[in-house]
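Engineer: The following block contains the structure, expressed as structure tokens.
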Amino acid sequence: HYNFFNGMPKWPPSKYHLTYTFGSDGVQVVDMDTLKSVCSDAFKKWSDVSQLTFQEASDGASANIVITFYRGDHGDGYPFDGPGRTLAHAFSPEDGHLHFDAEEKWSANPAMDQIDLESVAVHEIGHLLGLAHSNDSSAVMYPTIPPGTEKRDLAKDDIDGIHALY
Ligand code: TQI
Ligand code: CA
Ligand code: ZN
Ligand code: ZN
């Protein structure tokens, strides 16, 4: 079953049309075209099942969501840990930061030892929207994903969770 963060933070109705941008101070580990298309697909999973919409910001400075790849300590108190373990993190509404660990083997089409960028993006966007972890193993918000697997599609549990929020 799905869960929310303490206090059930969510984006207010004035921010149901969210914009996103890519941070300029990060490490480039995935080419920009691939990154943009993966993120656009990942956001679409959530906009398809909710009244939220997502659009790349024309003006990066005013974006609601900022997506950046960092390695190690990057100044937010949650340093990345090199290859393995923590892959990415995102914070609850309305923080809007989505960080990927630049030291993982990211791929848009993963082999056995690689990590599927879209699966992780869909999970982290769930956090950005206010979903915590689910104990339903079919859910994108379930807290584990084996390397080399893809879990890009929302399960009924994820959809029920987003409907309970928005
Ligand atoms: N990163 C954790 C995660 O996103 C960070 C985290 C732990 C967290 N507890 C949290 C974030 C509570 C918000 C709220 O879950 S991770 C997976 C999964 C990670 C894990 O690197 O461990 C995915 C990132 F689900 F597969 F285990 C993405 Cl998809
Ligand atoms: Ca790591
Ligand atoms: Zn961070
Ligand atoms: Zn998570």
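Naming scheme: A, B, ... for chains in displayed order of the structure tokens; residues 1 onward per chain; ligands 1 onward as shown.
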As a list in words, please: the residues near Trp46 (chain A) (cut-off 9 Å, only C-alpha atoms, same-chain neighbours under 5 positions excluded).

Structural biologist: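 My list of contacting residues is Gln51, Leu52, Thr53, Val122, Ile125, Gly126, Leu154, Ile159 and Ile162 of chain A.
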
Engineer: Produce a file of the selected residues containing N, CA and C atoms, as a tab-separated table (two decimals), in the first residue's frame.

Structural biologist:
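Listed below is the output, result_5.tsv:
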chain	number	residue	atom	x	y	z
A	51	GLN	N	-4.14	15.04	-12.64
A	51	GLN	CA	-4.41	16.35	-13.25
A	51	GLN	C	-3.15	17.22	-13.30
A	52	LEU	N	-2.01	16.64	-12.93
A	52	LEU	CA	-0.77	17.41	-12.98
A	52	LEU	C	-0.22	17.41	-14.41
A	53	THR	N	0.47	18.49	-14.76
A	53	THR	CA	1.17	18.51	-16.05
A	53	THR	C	2.61	18.96	-15.80
A	122	VAL	N	11.11	7.76	-12.60
A	122	VAL	CA	9.68	7.64	-12.28
A	122	VAL	C	9.50	7.55	-10.76
A	125	ILE	N	10.31	11.01	-9.12
A	125	ILE	CA	9.24	11.97	-9.38
A	125	ILE	C	8.07	11.69	-8.42
A	126	GLY	N	7.81	10.40	-8.16
A	126	GLY	CA	6.81	10.05	-7.14
A	126	GLY	C	7.09	10.75	-5.81
A	154	LEU	N	3.61	2.65	-13.92
A	154	LEU	CA	2.96	2.77	-12.63
A	154	LEU	C	2.04	1.57	-12.40
A	159	ILE	N	-0.98	4.58	-8.75
A	159	ILE	CA	-2.04	5.43	-9.30
A	159	ILE	C	-3.05	5.78	-8.20
A	162	ILE	N	-1.42	8.52	-6.04
A	162	ILE	CA	-1.41	9.89	-6.62
A	162	ILE	C	-2.84	10.44	-6.64

Engineer: Using only C-alpha atoms and all ligand atoms, which residues of chain A come within 7 Å of ligand 1, and what is the closest atom pair for each, with the distance in Å to one decimal? Give it as JSON lines, sorted by chain and residue number.

Structural biologist:
{"residue": "A:Arg85", "atom": "CA", "partner": "ligand 1", "partner_atom_place_in_ligand_line": "21 (O)", "distance": 6.4}
{"residue": "A:Thr86", "atom": "CA", "partner": "ligand 1", "partner_atom_place_in_ligand_line": "21 (O)", "distance": 3.5}
{"residue": "A:Leu87", "atom": "CA", "partner": "ligand 1", "partner_atom_place_in_ligand_line": "21 (O)", "distance": 3.4}
{"residue": "A:Ala88", "atom": "CA", "partner": "ligand 1", "partner_atom_place_in_ligand_line": "21 (O)", "distance": 4.2}
{"residue": "A:His89", "atom": "CA", "partner": "ligand 1", "partner_atom_place_in_ligand_line": "4 (O)", "distance": 4.6}
{"residue": "A:Ala90", "atom": "CA", "partner": "ligand 1", "partner_atom_place_in_ligand_line": "11 (C)", "distance": 5.8}
{"residue": "A:Phe91", "atom": "CA", "partner": "ligand 1", "partner_atom_place_in_ligand_line": "13 (C)", "distance": 6.1}
{"residue": "A:Ser119", "atom": "CA", "partner": "ligand 1", "partner_atom_place_in_ligand_line": "29 (Cl)", "distance": 5.9}
{"residue": "A:Val120", "atom": "CA", "partner": "ligand 1", "partner_atom_place_in_ligand_line": "29 (Cl)", "distance": 4.0}
{"residue": "A:His123", "atom": "CA", "partner": "ligand 1", "partner_atom_place_in_ligand_line": "29 (Cl)", "distance": 4.8}
{"residue": "A:Glu124", "atom": "CA", "partner": "ligand 1", "partner_atom_place_in_ligand_line": "4 (O)", "distance": 5.6}
{"residue": "A:His127", "atom": "CA", "partner": "ligand 1", "partner_atom_place_in_ligand_line": "13 (C)", "distance": 5.8}
{"residue": "A:Ala132", "atom": "CA", "partner": "ligand 1", "partner_atom_place_in_ligand_line": "14 (C)", "distance": 5.4}
{"residue": "A:His133", "atom": "CA", "partner": "ligand 1", "partner_atom_place_in_ligand_line": "12 (C)", "distance": 6.6}
{"residue": "A:Val140", "atom": "CA", "partner": "ligand 1", "partner_atom_place_in_ligand_line": "29 (Cl)", "distance": 6.8}
{"residue": "A:Met141", "atom": "CA", "partner": "ligand 1", "partner_atom_place_in_ligand_line": "25 (F)", "distance": 6.0}
{"residue": "A:Tyr142", "atom": "CA", "partner": "ligand 1", "partner_atom_place_in_ligand_line": "25 (F)", "distance": 5.3}
{"residue": "A:Pro143", "atom": "CA", "partner": "ligand 1", "partner_atom_place_in_ligand_line": "25 (F)", "distance": 3.6}
{"residue": "A:Thr144", "atom": "CA", "partner": "ligand 1", "partner_atom_place_in_ligand_line": "27 (F)", "distance": 3.0}
{"residue": "A:Ile145", "atom": "CA", "partner": "ligand 1", "partner_atom_place_in_ligand_line": "26 (F)", "distance": 3.6}

Engineer: Give the alpha helix (DSSP H) residues of chain A, as assigned by DSSP on the backbone, as a PyMOL selection string.

Structural biologist: chain A and resi 32-47+117-129+156-165

Engineer: Got time to write the residues from that selection, N, CA and C atoms, as an mmCIF file, in the first residue's frame?

Structural biologist:
data_model
loop_
_atom_site.group_PDB
_atom_site.id
_atom_site.type_symbol
_atom_site.label_atom_id
_atom_site.label_comp_id
_atom_site.auth_asym_id
_atom_site.auth_seq_id
_atom_site.Cartn_x
_atom_site.Cartn_y
_atom_site.Cartn_z
ATOM 1 N N MET A 32 22.553 15.044 -23.173
ATOM 2 C CA MET A 32 21.399 15.890 -22.894
ATOM 3 C C MET A 32 20.136 15.425 -23.621
ATOM 4 N N ASP A 33 20.271 14.989 -24.875
ATOM 5 C CA ASP A 33 19.080 14.552 -25.626
ATOM 6 C C ASP A 33 18.450 13.326 -24.974
ATOM 7 N N THR A 34 19.298 12.364 -24.578
ATOM 8 C CA THR A 34 18.800 11.158 -23.906
ATOM 9 C C THR A 34 18.141 11.529 -22.586
ATOM 10 N N LEU A 35 18.814 12.374 -21.814
ATOM 11 C CA LEU A 35 18.286 12.769 -20.515
ATOM 12 C C LEU A 35 16.925 13.441 -20.670
ATOM 13 N N LYS A 36 16.808 14.352 -21.633
ATOM 14 C CA LYS A 36 15.540 15.058 -21.825
ATOM 15 C C LYS A 36 14.428 14.107 -22.232
ATOM 16 N N SER A 37 14.741 13.154 -23.112
ATOM 17 C CA SER A 37 13.677 12.259 -23.550
ATOM 18 C C SER A 37 13.285 11.283 -22.447
ATOM 19 N N VAL A 38 14.249 10.794 -21.656
ATOM 20 C CA VAL A 38 13.921 9.903 -20.538
ATOM 21 C C VAL A 38 13.058 10.641 -19.504
ATOM 22 N N CYS A 39 13.436 11.869 -19.165
ATOM 23 C CA CYS A 39 12.678 12.615 -18.148
ATOM 24 C C CYS A 39 11.284 12.954 -18.657
ATOM 25 N N SER A 40 11.174 13.320 -19.921
ATOM 26 C CA SER A 40 9.859 13.622 -20.477
ATOM 27 C C SER A 40 8.953 12.386 -20.419
ATOM 28 N N ASP A 41 9.498 11.210 -20.741
ATOM 29 C CA ASP A 41 8.715 9.962 -20.635
ATOM 30 C C ASP A 41 8.328 9.673 -19.179
ATOM 31 N N ALA A 42 9.267 9.905 -18.263
ATOM 32 C CA ALA A 42 8.998 9.609 -16.843
ATOM 33 C C ALA A 42 7.909 10.542 -16.293
ATOM 34 N N PHE A 43 7.987 11.822 -16.605
ATOM 35 C CA PHE A 43 6.936 12.755 -16.153
ATOM 36 C C PHE A 43 5.583 12.379 -16.754
ATOM 37 N N LYS A 44 5.604 11.912 -18.013
ATOM 38 C CA LYS A 44 4.344 11.577 -18.681
ATOM 39 C C LYS A 44 3.591 10.449 -17.956
ATOM 40 N N LYS A 45 4.334 9.503 -17.330
ATOM 41 C CA LYS A 45 3.667 8.418 -16.592
ATOM 42 C C LYS A 45 2.726 8.993 -15.540
ATOM 43 N N TRP A 46 3.196 10.062 -14.871
ATOM 44 C CA TRP A 46 2.399 10.661 -13.790
ATOM 45 C C TRP A 46 1.334 11.604 -14.340
ATOM 46 N N SER A 47 1.645 12.364 -15.387
ATOM 47 C CA SER A 47 0.627 13.285 -15.921
ATOM 48 C C SER A 47 -0.509 12.517 -16.596
ATOM 49 N N LEU A 117 17.719 4.445 -16.045
ATOM 50 C CA LEU A 117 17.492 5.842 -15.669
ATOM 51 C C LEU A 117 16.002 6.162 -15.574
ATOM 52 N N GLU A 118 15.213 5.653 -16.509
ATOM 53 C CA GLU A 118 13.786 6.008 -16.483
ATOM 54 C C GLU A 118 13.081 5.426 -15.253
ATOM 55 N N SER A 119 13.394 4.164 -14.894
ATOM 56 C CA SER A 119 12.756 3.561 -13.712
ATOM 57 C C SER A 119 13.033 4.393 -12.457
ATOM 58 N N VAL A 120 14.290 4.814 -12.296
ATOM 59 C CA VAL A 120 14.654 5.598 -11.114
ATOM 60 C C VAL A 120 14.001 6.979 -11.179
ATOM 61 N N ALA A 121 13.936 7.565 -12.393
ATOM 62 C CA ALA A 121 13.298 8.879 -12.538
ATOM 63 C C ALA A 121 11.817 8.803 -12.166
ATOM 64 N N VAL A 122 11.114 7.761 -12.604
ATOM 65 C CA VAL A 122 9.684 7.637 -12.284
ATOM 66 C C VAL A 122 9.503 7.549 -10.760
ATOM 67 N N HIS A 123 10.370 6.765 -10.098
ATOM 68 C CA HIS A 123 10.317 6.619 -8.634
ATOM 69 C C HIS A 123 10.584 7.961 -7.940
ATOM 70 N N GLU A 124 11.628 8.648 -8.363
ATOM 71 C CA GLU A 124 11.980 9.911 -7.702
ATOM 72 C C GLU A 124 10.924 10.986 -7.943
ATOM 73 N N ILE A 125 10.312 11.007 -9.117
ATOM 74 C CA ILE A 125 9.238 11.972 -9.379
ATOM 75 C C ILE A 125 8.071 11.688 -8.422
ATOM 76 N N GLY A 126 7.811 10.400 -8.156
ATOM 77 C CA GLY A 126 6.805 10.055 -7.145
ATOM 78 C C GLY A 126 7.092 10.749 -5.812
ATOM 79 N N HIS A 127 8.361 10.728 -5.376
ATOM 80 C CA HIS A 127 8.732 11.446 -4.143
ATOM 81 C C HIS A 127 8.497 12.942 -4.291
ATOM 82 N N LEU A 128 8.902 13.507 -5.427
ATOM 83 C CA LEU A 128 8.727 14.953 -5.644
ATOM 84 C C LEU A 128 7.256 15.352 -5.534
ATOM 85 N N LEU A 129 6.356 14.420 -5.886
ATOM 86 C CA LEU A 129 4.925 14.715 -5.880
ATOM 87 C C LEU A 129 4.280 14.444 -4.521
ATOM 88 N N LYS A 156 -1.184 -0.165 -10.079
ATOM 89 C CA LYS A 156 -2.447 0.372 -9.543
ATOM 90 C C LYS A 156 -2.207 1.077 -8.212
ATOM 91 N N ASP A 157 -1.328 0.528 -7.400
ATOM 92 C CA ASP A 157 -1.044 1.122 -6.091
ATOM 93 C C ASP A 157 -0.483 2.544 -6.215
ATOM 94 N N ASP A 158 0.428 2.754 -7.193
ATOM 95 C CA ASP A 158 0.988 4.099 -7.413
ATOM 96 C C ASP A 158 -0.109 5.069 -7.865
ATOM 97 N N ILE A 159 -0.975 4.581 -8.753
ATOM 98 C CA ILE A 159 -2.043 5.427 -9.298
ATOM 99 C C ILE A 159 -3.053 5.776 -8.200
ATOM 100 N N ASP A 160 -3.396 4.777 -7.366
ATOM 101 C CA ASP A 160 -4.279 5.055 -6.229
ATOM 102 C C ASP A 160 -3.650 6.099 -5.308
ATOM 103 N N GLY A 161 -2.351 5.991 -5.099
ATOM 104 C CA GLY A 161 -1.640 6.934 -4.222
ATOM 105 C C GLY A 161 -1.691 8.358 -4.759
ATOM 106 N N ILE A 162 -1.421 8.525 -6.045
ATOM 107 C CA ILE A 162 -1.415 9.887 -6.617
ATOM 108 C C ILE A 162 -2.839 10.441 -6.645
ATOM 109 N N HIS A 163 -3.826 9.568 -6.845
ATOM 110 C CA HIS A 163 -5.227 10.029 -6.822
ATOM 111 C C HIS A 163 -5.652 10.471 -5.431
ATOM 112 N N ALA A 164 -5.071 9.857 -4.402
ATOM 113 C CA ALA A 164 -5.410 10.257 -3.039
ATOM 114 C C ALA A 164 -4.826 11.639 -2.709
ATOM 115 N N LEU A 165 -3.796 12.045 -3.453
ATOM 116 C CA LEU A 165 -3.150 13.342 -3.199
ATOM 117 C C LEU A 165 -3.719 14.452 -4.077
#

Engineer: List as a VMD selection string the protein and nucleic acid residues near Val66 (chain A), meaning an atom at most 8 Å away when only C-alpha atoms are counted, but skip any in the same chain fewer than 5 places from it.

Structural biologist: chain A and resid 20 to 23 96 to 98

Engineer: If you count only C-alpha atoms and all ligand atoms, which residues end up within 10 Å of ligand 3, as an MDAnalysis selection string?

Structural biologist: chainID A and resid 67:80 88:91 97:101

Engineer: What would the file look like if the residues just selected were written as a short mmCIF file (atom, residue, chain, number, x, y, z; two decimals), in the first residue's frame with N, CA and C atoms?

Structural biologist:
data_model
loop_
_atom_site.label_atom_id
_atom_site.label_comp_id
_atom_site.auth_asym_id
_atom_site.auth_seq_id
_atom_site.Cartn_x
_atom_site.Cartn_y
_atom_site.Cartn_z
N ILE A 67 16.65 19.13 -11.95
CA ILE A 67 17.21 17.78 -12.06
C ILE A 67 18.71 17.89 -12.31
N THR A 68 19.54 17.27 -11.43
CA THR A 68 20.99 17.43 -11.54
C THR A 68 21.71 16.13 -11.17
N PHE A 69 22.77 15.83 -11.89
CA PHE A 69 23.67 14.72 -11.52
C PHE A 69 24.84 15.28 -10.73
N TYR A 70 25.08 14.70 -9.54
CA TYR A 70 26.20 15.13 -8.71
C TYR A 70 27.00 13.91 -8.27
N ARG A 71 28.28 14.14 -7.92
CA ARG A 71 29.02 13.05 -7.27
C ARG A 71 29.40 13.48 -5.86
N GLY A 72 29.39 12.52 -4.93
CA GLY A 72 29.84 12.77 -3.55
C GLY A 72 29.05 13.87 -2.87
N ASP A 73 29.77 14.65 -2.06
CA ASP A 73 29.14 15.73 -1.31
C ASP A 73 28.78 16.87 -2.24
N HIS A 74 27.50 17.21 -2.29
CA HIS A 74 27.10 18.28 -3.20
C HIS A 74 26.31 19.37 -2.47
N GLY A 75 26.51 19.43 -1.15
CA GLY A 75 26.07 20.62 -0.43
C GLY A 75 24.66 20.61 0.15
N ASP A 76 23.90 19.49 0.01
CA ASP A 76 22.54 19.51 0.58
C ASP A 76 22.43 18.65 1.85
N GLY A 77 23.59 18.18 2.35
CA GLY A 77 23.55 17.38 3.57
C GLY A 77 23.31 15.90 3.32
N TYR A 78 23.11 15.51 2.07
CA TYR A 78 22.92 14.09 1.71
C TYR A 78 23.93 13.69 0.64
N PRO A 79 25.23 13.54 1.03
CA PRO A 79 26.26 13.23 0.03
C PRO A 79 25.99 11.90 -0.66
N PHE A 80 26.31 11.80 -1.93
CA PHE A 80 26.24 10.52 -2.61
C PHE A 80 27.44 9.67 -2.22
N ALA A 88 19.96 7.85 -6.22
CA ALA A 88 19.34 9.15 -6.47
C ALA A 88 18.54 9.53 -5.24
N HIS A 89 18.18 10.79 -5.13
CA HIS A 89 17.20 11.18 -4.11
C HIS A 89 16.43 12.39 -4.57
N ALA A 90 15.26 12.51 -3.99
CA ALA A 90 14.41 13.66 -4.29
C ALA A 90 13.67 13.97 -3.01
N PHE A 91 13.26 15.21 -2.88
CA PHE A 91 12.66 15.63 -1.63
C PHE A 91 11.17 15.89 -1.84
N HIS A 97 13.91 19.37 -5.70
CA HIS A 97 15.22 18.94 -6.18
C HIS A 97 15.25 17.44 -6.42
N LEU A 98 15.72 17.05 -7.61
CA LEU A 98 15.91 15.64 -7.95
C LEU A 98 17.38 15.47 -8.33
N HIS A 99 18.12 14.69 -7.52
CA HIS A 99 19.56 14.50 -7.76
C HIS A 99 19.84 13.04 -8.10
N PHE A 100 20.66 12.82 -9.11
CA PHE A 100 21.13 11.49 -9.46
C PHE A 100 22.60 11.39 -9.07
N ASP A 101 23.01 10.20 -8.57
CA ASP A 101 24.42 9.96 -8.26
C ASP A 101 25.18 9.76 -9.58
#

Engineer: Would you mind listing what lies within 12 Å of His17 (chain A) as a PyMOL selection string, with only C-alpha atoms counted and same-chain residues fewer than 2 positions away left out?

Structural biologist: chain A and resi 11-15+19-20+43+47+50-57+63-65

Engineer: Just the number, please: distance in Å from CA of Gly148 (chain A) to CA of Asn109 (chain A), one decimal.

Structural biologist: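 A separation of 8.9 Å between them.
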
Engineer: So which bits of region 40-164 of chain A end up strand (DSSP E) when you DSSP the backbone, as an NGL selection string?

Structural biologist: :A and (53-56 or 65-70 or 88-90 or 97-101 or 106-107 or 115-116)

Engineer: Go ahead and save the picked residues with N, CA and C atoms, as a JSON list (two decimals), in the first residue's frame.

Structural biologist:
[["chain", "number", "residue", "atom", "x", "y", "z"],
["A", 53, "THR", "N", 0.47, 18.49, -14.76],
["A", 53, "THR", "CA", 1.17, 18.51, -16.05],
["A", 53, "THR", "C", 2.61, 18.96, -15.80],
["A", 54, "PHE", "N", 3.48, 18.57, -16.71],
["A", 54, "PHE", "CA", 4.91, 18.87, -16.58],
["A", 54, "PHE", "C", 5.43, 19.37, -17.91],
["A", 55, "GLN", "N", 6.24, 20.40, -17.82],
["A", 55, "GLN", "CA", 6.76, 21.01, -19.03],
["A", 55, "GLN", "C", 8.17, 21.49, -18.75],
["A", 56, "GLU", "N", 9.06, 21.33, -19.70],
["A", 56, "GLU", "CA", 10.40, 21.85, -19.51],
["A", 56, "GLU", "C", 10.31, 23.37, -19.44],
["A", 65, "ILE", "N", 11.01, 22.31, -10.57],
["A", 65, "ILE", "CA", 11.78, 21.09, -10.34],
["A", 65, "ILE", "C", 13.13, 21.22, -11.04],
["A", 66, "VAL", "N", 14.22, 20.94, -10.32],
["A", 66, "VAL", "CA", 15.56, 21.03, -10.89],
["A", 66, "VAL", "C", 16.22, 19.65, -10.81],
["A", 67, "ILE", "N", 16.65, 19.13, -11.95],
["A", 67, "ILE", "CA", 17.21, 17.78, -12.06],
["A", 67, "ILE", "C", 18.71, 17.89, -12.31],
["A", 68, "THR", "N", 19.54, 17.27, -11.43],
["A", 68, "THR", "CA", 20.99, 17.43, -11.54],
["A", 68, "THR", "C", 21.71, 16.13, -11.17],
["A", 69, "PHE", "N", 22.77, 15.83, -11.89],
["A", 69, "PHE", "CA", 23.67, 14.72, -11.52],
["A", 69, "PHE", "C", 24.84, 15.28, -10.73],
["A", 70, "TYR", "N", 25.08, 14.70, -9.54],
["A", 70, "TYR", "CA", 26.20, 15.13, -8.71],
["A", 70, "TYR", "C", 27.00, 13.91, -8.27],
["A", 88, "ALA", "N", 19.96, 7.85, -6.22],
["A", 88, "ALA", "CA", 19.34, 9.15, -6.47],
["A", 88, "ALA", "C", 18.54, 9.53, -5.24],
["A", 89, "HIS", "N", 18.18, 10.79, -5.13],
["A", 89, "HIS", "CA", 17.20, 11.18, -4.11],
["A", 89, "HIS", "C", 16.43, 12.39, -4.57],
["A", 90, "ALA", "N", 15.26, 12.51, -3.99],
["A", 90, "ALA", "CA", 14.41, 13.66, -4.29],
["A", 90, "ALA", "C", 13.67, 13.97, -3.01],
["A", 97, "HIS", "N", 13.91, 19.37, -5.70],
["A", 97, "HIS", "CA", 15.22, 18.94, -6.18],
["A", 97, "HIS", "C", 15.25, 17.44, -6.42],
["A", 98, "LEU", "N", 15.72, 17.05, -7.61],
["A", 98, "LEU", "CA", 15.91, 15.64, -7.95],
["A", 98, "LEU", "C", 17.38, 15.47, -8.33],
["A", 99, "HIS", "N", 18.12, 14.69, -7.52],
["A", 99, "HIS", "CA", 19.56, 14.50, -7.76],
["A", 99, "HIS", "C", 19.84, 13.04, -8.10],
["A", 100, "PHE", "N", 20.66, 12.82, -9.11],
["A", 100, "PHE", "CA", 21.13, 11.49, -9.46],
["A", 100, "PHE", "C", 22.60, 11.39, -9.07],
["A", 101, "ASP", "N", 23.01, 10.20, -8.57],
["A", 101, "ASP", "CA", 24.42, 9.96, -8.26],
["A", 101, "ASP", "C", 25.18, 9.76, -9.58],
["A", 106, "TRP", "N", 24.55, 4.50, -15.37],
["A", 106, "TRP", "CA", 23.22, 4.82, -15.88],
["A", 106, "TRP", "C", 23.06, 4.38, -17.33],
["A", 107, "SER", "N", 21.88, 3.97, -17.67],
["A", 107, "SER", "CA", 21.60, 3.64, -19.06],
["A", 107, "SER", "C", 20.12, 3.87, -19.35],
["A", 115, "ILE", "N", 21.94, 0.57, -14.49],
["A", 115, "ILE", "CA", 20.73, 1.02, -13.82],
["A", 115, "ILE", "C", 19.87, 1.82, -14.78],
["A", 116, "ASP", "N", 18.61, 1.44, -14.82],
["A", 116, "ASP", "CA", 17.68, 2.06, -15.75],
["A", 116, "ASP", "C", 17.29, 3.46, -15.28]]

Engineer: Would you mind reading off the distance between CA of Lys105 (chain A) and CA of Val27 (chain A), one decimal, in Å?

Structural biologist: 13.5 Å

Engineer: Which one is closest to ligand 4: A:Ser138, A:Leu131, A:Val49, A:Glu150? Count only C-alpha atoms and all ligand atoms.

Structural biologist: A:Leu131

Engineer: Restricting the calculation to only C-alpha atoms: of A:Ala102, A:Tyr166, A:Ser137, A:Ala108, which residue gets closest to Tyr16 (chain A)?

Structural biologist: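 Closest to Tyr16 (chain A) of all the choices is A:Tyr166.
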
Engineer: Which residue out of A:Thr149, A:Asn135, A:Gln114, A:Ser24 has the minimum interatomic distance to ligand 4 when only C-alpha atoms and all ligand atoms are used?

Structural biologist: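 Once distances to ligand 4 are computed over only C-alpha atoms and all ligand atoms, the minimum belongs to A:Asn135.
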
Engineer: Can you work out which one of A:Ser92, A:Glu103, A:Ser62, A:Gly84 has the shortest atom-to-atom distance to ligand 4, counting only C-alpha atoms and all ligand atoms?

Structural biologist: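 Ranking A:Ser92, A:Glu103, A:Ser62, A:Gly84 by distance to ligand 4, first place goes to A:Ser92.
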
Engineer: Kindly give the distance, in Å, that separates CA of Asp153 (chain A) and CA of Asp59 (chain A), rounded to a single decimal.

Structural biologist: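 Going from CA of Asp153 (chain A) over to CA of Asp59 (chain A) covers 29.7 Å.
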
Engineer: So, counting only C-alpha atoms and all ligand atoms, which residue among A:Pro147, A:Pro110, A:Gly26, A:Gly130 is closest to ligand 4?

Structural biologist: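 Among the listed residues, A:Gly130 lies closest to ligand 4.
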